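A.B. asks: After the structure tokens below, expect a handful of questions from me.
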Amino acid sequence: MKKQVIPVTAPLRGQIEIPSDKSISHRAVMFSSLAKGRSVIRNFSKGADCISSLNVCRKLGVSINYLDDKTIEVISDGVLKEPAAPLDCGNSGTTMRLMSGILAGQNFNSVLTGDESLSKRPMKRVIEPLSLMGADIASNDNKAPLTVNGKKLHAVDYISKLASAQVKSCVLLAGLFADGVTSFTEPVRSRDHTERMLKSMGADIKIDGNRVSVSKSELKPLDITVPGDISSAAFFIVAGLVVPESEILLKNIGVNPARTGIIDVVKRMGGAIELLNERDEQGEPVADIRVKYSKLKGCEISGADIPRLIDELPVIAVLAAQAEGMTVVKDAGDLRNKEADRITTVVNALKLIGADIEEKTDGFVINGKTELRGGCELETFHDHRLVMSYYVAGLICKEPVVIDGFEWSKISFPEFETLMENLKGG
Ligand code: S3P
């Protein structure tokens, strides 16, 4: 579906509630499926990715019911059942990678499949550590479909070259079913929702710097309200900073320090961003975020910043095009392995609308501030974050842009356009 984005002529103003965090929703439904009893998950994501996780858990014999529009109950006897058919992970890397860890140690076989984009993404990163634990996983040259033949697993002390919450979670989840103490060490700390949630469910989990260890544990049911997703809020943070005279209040956003890289970058660029009403909800920090149109300056984004804002880099590129001077993004080579190659695609799209951006192997360099001209069509390669990043760019172009594949925003943020409309002329 093609969507024409008309440049705005008035500020974006008002207050909105950002929908549920995708990472936390995935984990909540998967982990409560492993717990004996009844779990309740409020504000569960309506994004297609989290629905893929929910459907996979149902196919593994877990009873999941909607109590209202956004609340689910998960009723499990703590033991998964052999699925009758392949488990479709759709577009969701998180579903496939975390489920492979859960399934590797079961006493049955299962097959994980994905859509065209997911079937091209690298799975060696999970097959390798799981195999070291004794798992038996057949793949299509280290890509999906993955046939997971359940085995008795043993612990591993795995040192990962990649800082990846998906790989870390996969190994820790397999560790719940393995003999001995399983450890995962990463070069830079990635998001820690798995550690926090497993701990709150009674797992025997220990954290020592960049090393996390877990041993066989029984999980207690979960009772959780999922906060708003900072990765979804990012589109509104950037829109508020670049559309003249805007001021937006974003309510109930998860501000786990492993996810707030974008806030630090906005501050580094001199942007007006404030956290209000900071609080803690079930082990996850939550706050409201106020953002105002700002004069920005370029900055460097690298090293330990990267895992803390990995999914926000496409929209940060739009922000950087509106900052005076040079912004350098480096150490972000894994961006090429997301739903699309988010380095080449972003560089090509931003060049097309008039930004001064240069591709590097592990990132990009942007020289701002440039007036974005638009007046073209942008391809989005079935990638939800590209869709919404280009939409934000379209708001400040001189001429309308047409976004191809707009419907892919449903993967993480079906409510995106309605919320943006609410702020226009607010
Ligand atoms: C996620 C981790 C990140 C992120 C993805 C969600 C998670 O991936 O890009 O959208 O929920 O664990 P990597 O762990 O591969 O960096």
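Note on naming: chains are A, B, ... as they come in the structure tokens, residues start from 1 per chain, ligands start from 1 in the order shown.
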Write out as a Markdown table the residues of range 123-211 of chain A that have any atom within 9 Å of an atom of range 281-299 of chain A, one row each with the nearest atom pair and its distance in Å to one decimal, counting only C-alpha atoms, sorted by chain and then rising number.

C.D. replies:
| residue | atom | partner | partner_atom | distance |
| --- | --- | --- | --- | --- |
| A:His193 | CA | A:Glu284 | CA | 8.1 |
| A:Arg196 | CA | A:Gly283 | CA | 6.5 |
| A:Met197 | CA | A:Gly283 | CA | 7.6 |
| A:Ser200 | CA | A:Gly283 | CA | 7.5 |

A.B. asks: So that I have them on file, write out the residues from the current selection with N, CA and C atoms, as a PDB file, in the first residue's frame.

C.D. replies:
ATOM      1  N   HIS A 193      15.834  -6.919  29.366  1.00  0.00           N
ATOM      2  CA  HIS A 193      14.452  -7.247  29.771  1.00  0.00           C
ATOM      3  C   HIS A 193      14.335  -8.711  30.188  1.00  0.00           C
ATOM      4  N   ARG A 196      15.660  -9.115  33.771  1.00  0.00           N
ATOM      5  CA  ARG A 196      14.747  -8.521  34.757  1.00  0.00           C
ATOM      6  C   ARG A 196      13.496  -9.386  34.929  1.00  0.00           C
ATOM      7  N   MET A 197      12.931  -9.826  33.790  1.00  0.00           N
ATOM      8  CA  MET A 197      11.670 -10.573  33.879  1.00  0.00           C
ATOM      9  C   MET A 197      11.885 -11.951  34.483  1.00  0.00           C
ATOM     10  N   SER A 200      12.217 -11.629  38.147  1.00  0.00           N
ATOM     11  CA  SER A 200      10.943 -11.368  38.835  1.00  0.00           C
ATOM     12  C   SER A 200      10.074 -12.628  38.870  1.00  0.00           C
TER      13      SER A 200
END

A.B. asks: Find the residues of chain A that sit at most 7 Å from ligand 1; for each, write down the nearest two atoms and how far apart they are in Å, to one decimal. Count only C-alpha atoms and all ligand atoms. Sort by chain, then by number going up, and give it as JSON lines.

C.D. replies:
{"residue": "A:Lys22", "atom": "CA", "partner": "ligand 1", "partner_atom_place_in_ligand_line": "11 (O)", "distance": 6.9}
{"residue": "A:Ser23", "atom": "CA", "partner": "ligand 1", "partner_atom_place_in_ligand_line": "11 (O)", "distance": 3.8}
{"residue": "A:Thr94", "atom": "CA", "partner": "ligand 1", "partner_atom_place_in_ligand_line": "11 (O)", "distance": 5.6}
{"residue": "A:Ala163", "atom": "CA", "partner": "ligand 1", "partner_atom_place_in_ligand_line": "16 (O)", "distance": 6.6}
{"residue": "A:Ser164", "atom": "CA", "partner": "ligand 1", "partner_atom_place_in_ligand_line": "14 (O)", "distance": 3.5}
{"residue": "A:Ala165", "atom": "CA", "partner": "ligand 1", "partner_atom_place_in_ligand_line": "14 (O)", "distance": 3.7}
{"residue": "A:Gln166", "atom": "CA", "partner": "ligand 1", "partner_atom_place_in_ligand_line": "14 (O)", "distance": 3.8}
{"residue": "A:Val167", "atom": "CA", "partner": "ligand 1", "partner_atom_place_in_ligand_line": "14 (O)", "distance": 6.0}
{"residue": "A:Arg191", "atom": "CA", "partner": "ligand 1", "partner_atom_place_in_ligand_line": "12 (O)", "distance": 6.7}
{"residue": "A:Pro307", "atom": "CA", "partner": "ligand 1", "partner_atom_place_in_ligand_line": "16 (O)", "distance": 6.5}
{"residue": "A:Ile310", "atom": "CA", "partner": "ligand 1", "partner_atom_place_in_ligand_line": "9 (O)", "distance": 5.8}
{"residue": "A:Asp311", "atom": "CA", "partner": "ligand 1", "partner_atom_place_in_ligand_line": "9 (O)", "distance": 5.2}
{"residue": "A:Lys338", "atom": "CA", "partner": "ligand 1", "partner_atom_place_in_ligand_line": "9 (O)", "distance": 6.9}

A.B. asks: Write a file of the just-selected residues containing N, CA, C and O atoms, as a PDB file, in the first residue's frame.

C.D. replies:
ATOM      1  N   LYS A  22       7.486  -3.729  22.460  1.00  0.00           N
ATOM      2  CA  LYS A  22       7.518  -4.983  21.700  1.00  0.00           C
ATOM      3  C   LYS A  22       8.418  -6.020  22.393  1.00  0.00           C
ATOM      4  O   LYS A  22       8.026  -7.165  22.579  1.00  0.00           O
ATOM      5  N   SER A  23       9.615  -5.598  22.784  1.00  0.00           N
ATOM      6  CA  SER A  23      10.554  -6.549  23.417  1.00  0.00           C
ATOM      7  C   SER A  23       9.952  -7.150  24.681  1.00  0.00           C
ATOM      8  O   SER A  23      10.065  -8.357  24.931  1.00  0.00           O
ATOM      9  N   THR A  94      12.790 -11.746  16.891  1.00  0.00           N
ATOM     10  CA  THR A  94      12.772 -12.015  18.334  1.00  0.00           C
ATOM     11  C   THR A  94      12.044 -13.328  18.602  1.00  0.00           C
ATOM     12  O   THR A  94      12.499 -14.150  19.409  1.00  0.00           O
ATOM     13  N   ALA A 163      27.049  -7.944  20.634  1.00  0.00           N
ATOM     14  CA  ALA A 163      26.170  -7.520  21.732  1.00  0.00           C
ATOM     15  C   ALA A 163      24.750  -7.663  21.215  1.00  0.00           C
ATOM     16  O   ALA A 163      24.306  -6.850  20.418  1.00  0.00           O
ATOM     17  N   SER A 164      24.067  -8.720  21.609  1.00  0.00           N
ATOM     18  CA  SER A 164      22.715  -8.958  21.083  1.00  0.00           C
ATOM     19  C   SER A 164      21.809  -9.528  22.162  1.00  0.00           C
ATOM     20  O   SER A 164      22.073 -10.591  22.723  1.00  0.00           O
ATOM     21  N   ALA A 165      20.724  -8.805  22.423  1.00  0.00           N
ATOM     22  CA  ALA A 165      19.767  -9.267  23.437  1.00  0.00           C
ATOM     23  C   ALA A 165      19.037 -10.510  22.959  1.00  0.00           C
ATOM     24  O   ALA A 165      18.622 -11.336  23.772  1.00  0.00           O
ATOM     25  N   GLN A 166      18.881 -10.646  21.659  1.00  0.00           N
ATOM     26  CA  GLN A 166      18.187 -11.835  21.148  1.00  0.00           C
ATOM     27  C   GLN A 166      19.038 -13.080  21.372  1.00  0.00           C
ATOM     28  O   GLN A 166      18.543 -14.117  21.808  1.00  0.00           O
ATOM     29  N   VAL A 167      20.323 -12.980  21.080  1.00  0.00           N
ATOM     30  CA  VAL A 167      21.213 -14.138  21.261  1.00  0.00           C
ATOM     31  C   VAL A 167      21.355 -14.437  22.755  1.00  0.00           C
ATOM     32  O   VAL A 167      21.265 -15.592  23.191  1.00  0.00           O
ATOM     33  N   ARG A 191      20.069  -4.842  25.778  1.00  0.00           N
ATOM     34  CA  ARG A 191      18.876  -4.684  26.623  1.00  0.00           C
ATOM     35  C   ARG A 191      18.707  -5.894  27.545  1.00  0.00           C
ATOM     36  O   ARG A 191      18.984  -7.030  27.148  1.00  0.00           O
ATOM     37  N   PRO A 307      24.014  -0.620  21.011  1.00  0.00           N
ATOM     38  CA  PRO A 307      22.910  -1.517  21.411  1.00  0.00           C
ATOM     39  C   PRO A 307      21.780  -0.767  22.126  1.00  0.00           C
ATOM     40  O   PRO A 307      20.662  -1.244  22.161  1.00  0.00           O
ATOM     41  N   ILE A 310      19.833   0.740  18.840  1.00  0.00           N
ATOM     42  CA  ILE A 310      20.014   0.072  17.550  1.00  0.00           C
ATOM     43  C   ILE A 310      18.798   0.239  16.628  1.00  0.00           C
ATOM     44  O   ILE A 310      18.944   0.528  15.443  1.00  0.00           O
ATOM     45  N   ASP A 311      17.597   0.074  17.169  1.00  0.00           N
ATOM     46  CA  ASP A 311      16.400   0.124  16.311  1.00  0.00           C
ATOM     47  C   ASP A 311      16.012   1.561  15.947  1.00  0.00           C
ATOM     48  O   ASP A 311      15.187   1.776  15.056  1.00  0.00           O
ATOM     49  N   LYS A 338      19.183  -6.462   9.982  1.00  0.00           N
ATOM     50  CA  LYS A 338      17.838  -6.283  10.531  1.00  0.00           C
ATOM     51  C   LYS A 338      16.816  -6.668   9.455  1.00  0.00           C
ATOM     52  O   LYS A 338      17.155  -7.336   8.490  1.00  0.00           O
TER      53      LYS A 338
END

A.B. asks: May I have the residues within 7 Å of Asn367 in chain A as a VMD selection string, using only C-alpha atoms and disregarding those fewer than 5 positions away in the same chain?

C.D. replies: chain A and resid 321 325 to 327 356 to 357

A.B. asks: Got a sec to tell me which of range 56-252 of chain A DSSP assigns to strand (DSSP E or B), as a PyMOL selection string?

C.D. replies: chain A and resi 63-68+71-77+87-88+109-113+136-138+146-149+153-154+157-159+178-179+181-185+204-208+211-215+223-225+228+247-252

A.B. asks: Show which residues sit within 9 Å of Asp141 in chain A, as a PDB file with C-alpha atoms, in the first residue's frame. Count only C-alpha atoms, and ignore same-chain residues fewer than 3 positions away.

C.D. replies:
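The resulting file, out_24.pdb, is reproduced below:
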ATOM      1  CA  MET A 123      20.496 -17.646  12.531  1.00  0.00           C
ATOM      2  CA  LYS A 124      24.049 -18.929  12.990  1.00  0.00           C
ATOM      3  CA  ALA A 138      18.919 -28.251  11.151  1.00  0.00           C
ATOM      4  CA  ALA A 144      15.146 -20.398   8.557  1.00  0.00           C
TER       5      ALA A 144
END

A.B. asks: What's around range 56-69 of chain A at 6 Å? Count only C-alpha atoms, leave out sequence neighbours fewer than 6 positions away in its own chain, and write the answer as a list in words.

C.D. replies: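 Within the cut-off, the hits are Ile75, Ser76, Leu80, Lys81, Pro83 and Leu87 of chain A.
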
A.B. asks: Keeping only C-alpha atoms, write those residues as a short mmCIF file (atom, residue, chain, number, x, y, z; two decimals), in the first residue's frame.

C.D. replies:
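New file out-v3.cif:
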data_model
loop_
_atom_site.label_atom_id
_atom_site.label_comp_id
_atom_site.auth_asym_id
_atom_site.auth_seq_id
_atom_site.Cartn_x
_atom_site.Cartn_y
_atom_site.Cartn_z
CA ILE A 75 -2.73 -20.34 31.47
CA SER A 76 -0.04 -22.99 31.38
CA LEU A 80 5.02 -27.19 26.44
CA LYS A 81 3.44 -29.73 24.07
CA PRO A 83 3.17 -28.71 18.01
CA LEU A 87 5.55 -22.60 14.13
#

A.B. asks: Extract, using only C-alpha atoms, all DNA, RNA and protein residues at most 10 Å from Met420 in chain A, discarding same-chain residues fewer than 2 positions from it, and format them as a count of residues only.

C.D. replies: 15

A.B. asks: Using backbone DSSP assignments, extract all alpha helix (DSSP H) residues from range 292-394 of chain A; output them as a ChimeraX atom specification.

C.D. replies: /A:313-321,344-352,384-394

A.B. asks: Restricted to C-alpha atoms, what would the selected residues look like written as an mmCIF file, in the first residue's frame?

C.D. replies:
data_model
loop_
_atom_site.group_PDB
_atom_site.id
_atom_site.type_symbol
_atom_site.label_atom_id
_atom_site.label_comp_id
_atom_site.auth_asym_id
_atom_site.auth_seq_id
_atom_site.Cartn_x
_atom_site.Cartn_y
_atom_site.Cartn_z
ATOM 1 C CA LEU A 313 19.160 4.539 14.005
ATOM 2 C CA PRO A 314 17.010 4.963 10.861
ATOM 3 C CA VAL A 315 14.986 7.768 12.465
ATOM 4 C CA ILE A 316 18.130 9.186 14.121
ATOM 5 C CA ALA A 317 19.497 9.543 10.568
ATOM 6 C CA VAL A 318 16.520 11.820 9.798
ATOM 7 C CA LEU A 319 17.269 13.788 12.968
ATOM 8 C CA ALA A 320 20.945 14.124 12.049
ATOM 9 C CA ALA A 321 20.020 15.521 8.623
ATOM 10 C CA THR A 344 22.259 0.922 2.505
ATOM 11 C CA THR A 345 18.478 1.470 2.505
ATOM 12 C CA VAL A 346 18.564 4.522 4.800
ATOM 13 C CA VAL A 347 21.511 6.077 2.957
ATOM 14 C CA ASN A 348 19.827 5.653 -0.452
ATOM 15 C CA ALA A 349 16.452 6.963 0.740
ATOM 16 C CA LEU A 350 17.851 10.000 2.518
ATOM 17 C CA LYS A 351 20.050 10.857 -0.479
ATOM 18 C CA LEU A 352 16.974 10.676 -2.691
ATOM 19 C CA HIS A 384 8.448 -1.299 9.648
ATOM 20 C CA ARG A 385 11.109 1.002 11.044
ATOM 21 C CA LEU A 386 12.042 2.321 7.614
ATOM 22 C CA VAL A 387 8.349 3.033 6.889
ATOM 23 C CA MET A 388 7.898 5.170 9.994
ATOM 24 C CA SER A 389 11.316 6.873 9.730
ATOM 25 C CA TYR A 390 10.581 7.993 6.159
ATOM 26 C CA TYR A 391 7.112 9.150 7.220
ATOM 27 C CA VAL A 392 8.745 11.456 9.790
ATOM 28 C CA ALA A 393 11.166 12.733 7.110
ATOM 29 C CA GLY A 394 8.153 13.322 4.836
#

A.B. asks: Taking only C-alpha atoms into account, which of A:Val126, A:Ile72, A:Ile224, A:Val181 comes nearest Met201 in chain A?

C.D. replies: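 Closest candidate: A:Ile224.
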
A.B. asks: Need the shell around range 96-107 of chain A: protein/DNA/RNA residues with any atom at most 6 Å away, counting only C-alpha atoms. Skip same-chain ones fewer than 4 positions apart. Format as a short mmCIF file (atom, residue, chain, number, x, y, z; two decimals) with N, CA, C and O atoms, in the first residue's frame?

C.D. replies:
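What landed in around-v5.cif:
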data_model
loop_
_atom_site.label_atom_id
_atom_site.label_comp_id
_atom_site.auth_asym_id
_atom_site.auth_seq_id
_atom_site.Cartn_x
_atom_site.Cartn_y
_atom_site.Cartn_z
N CYS A 89 6.82 -17.77 12.66
CA CYS A 89 7.30 -16.58 13.39
C CYS A 89 7.06 -15.30 12.60
O CYS A 89 7.46 -14.21 13.03
N ALA A 135 22.37 -28.95 21.52
CA ALA A 135 21.14 -28.87 20.72
C ALA A 135 21.36 -29.45 19.33
O ALA A 135 22.49 -29.49 18.83
N VAL A 148 14.13 -27.93 15.00
CA VAL A 148 14.74 -28.07 16.32
C VAL A 148 14.36 -29.44 16.88
O VAL A 148 13.20 -29.69 17.19
N GLY A 150 14.45 -31.66 19.80
CA GLY A 150 14.66 -31.48 21.24
C GLY A 150 15.68 -32.45 21.81
O GLY A 150 15.66 -33.63 21.48
N LYS A 151 16.60 -31.96 22.64
CA LYS A 151 17.67 -32.78 23.24
C LYS A 151 17.84 -32.40 24.70
O LYS A 151 17.45 -31.29 25.10
N LYS A 152 18.53 -33.26 25.45
CA LYS A 152 18.93 -32.90 26.80
C LYS A 152 20.11 -31.94 26.68
O LYS A 152 21.08 -32.27 25.99
N LEU A 153 20.02 -30.78 27.27
CA LEU A 153 21.08 -29.78 27.10
C LEU A 153 22.01 -29.74 28.31
O LEU A 153 21.60 -30.08 29.42
N CYS A 170 18.23 -16.09 24.01
CA CYS A 170 18.15 -17.46 23.50
C CYS A 170 18.97 -18.39 24.38
O CYS A 170 18.50 -19.45 24.82
N VAL A 171 20.21 -18.00 24.66
CA VAL A 171 21.10 -18.86 25.46
C VAL A 171 20.58 -18.99 26.89
O VAL A 171 20.57 -20.08 27.47
N LEU A 173 17.52 -18.71 27.95
CA LEU A 173 16.29 -19.52 27.97
C LEU A 173 16.64 -21.00 27.84
O LEU A 173 16.08 -21.85 28.53
N ALA A 174 17.59 -21.32 26.97
CA ALA A 174 18.04 -22.72 26.86
C ALA A 174 18.63 -23.15 28.20
O ALA A 174 18.44 -24.29 28.65
N PHE A 177 16.69 -24.93 30.87
CA PHE A 177 16.40 -26.35 30.70
C PHE A 177 17.68 -27.21 30.70
O PHE A 177 17.61 -28.39 30.43
#

A.B. asks: Work out how far apart CA of Gly134 in chain A and CA of Lys168 in chain A are and give it in Å to one decimal.

C.D. replies: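 Those two atoms sit 16.9 Å apart.
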
A.B. asks: With distances taken over only C-alpha atoms, which of A:Thr182, A:Ser110, A:Asn256, A:Ser246 is nearest to Ser213 in chain A?

C.D. replies: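 So, comparing all the options, the nearest one is A:Thr182.
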
A.B. asks: Using only C-alpha atoms for the distances, tell me which of A:Ile306, A:Leu34, A:Val212, A:Ala233 is nearest to Val188 in chain A.

C.D. replies: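 Looking only at the distances to Val188 in chain A, the closest residue turns out to be A:Ile306.
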
A.B. asks: Mind giving me the straight-line distance from CA of Gln4 in chain A to CA of Glu379 in chain A in Å, one decimal?

C.D. replies: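 CA of Glu379 in chain A lies at a distance of 12.5 Å from CA of Gln4 in chain A.
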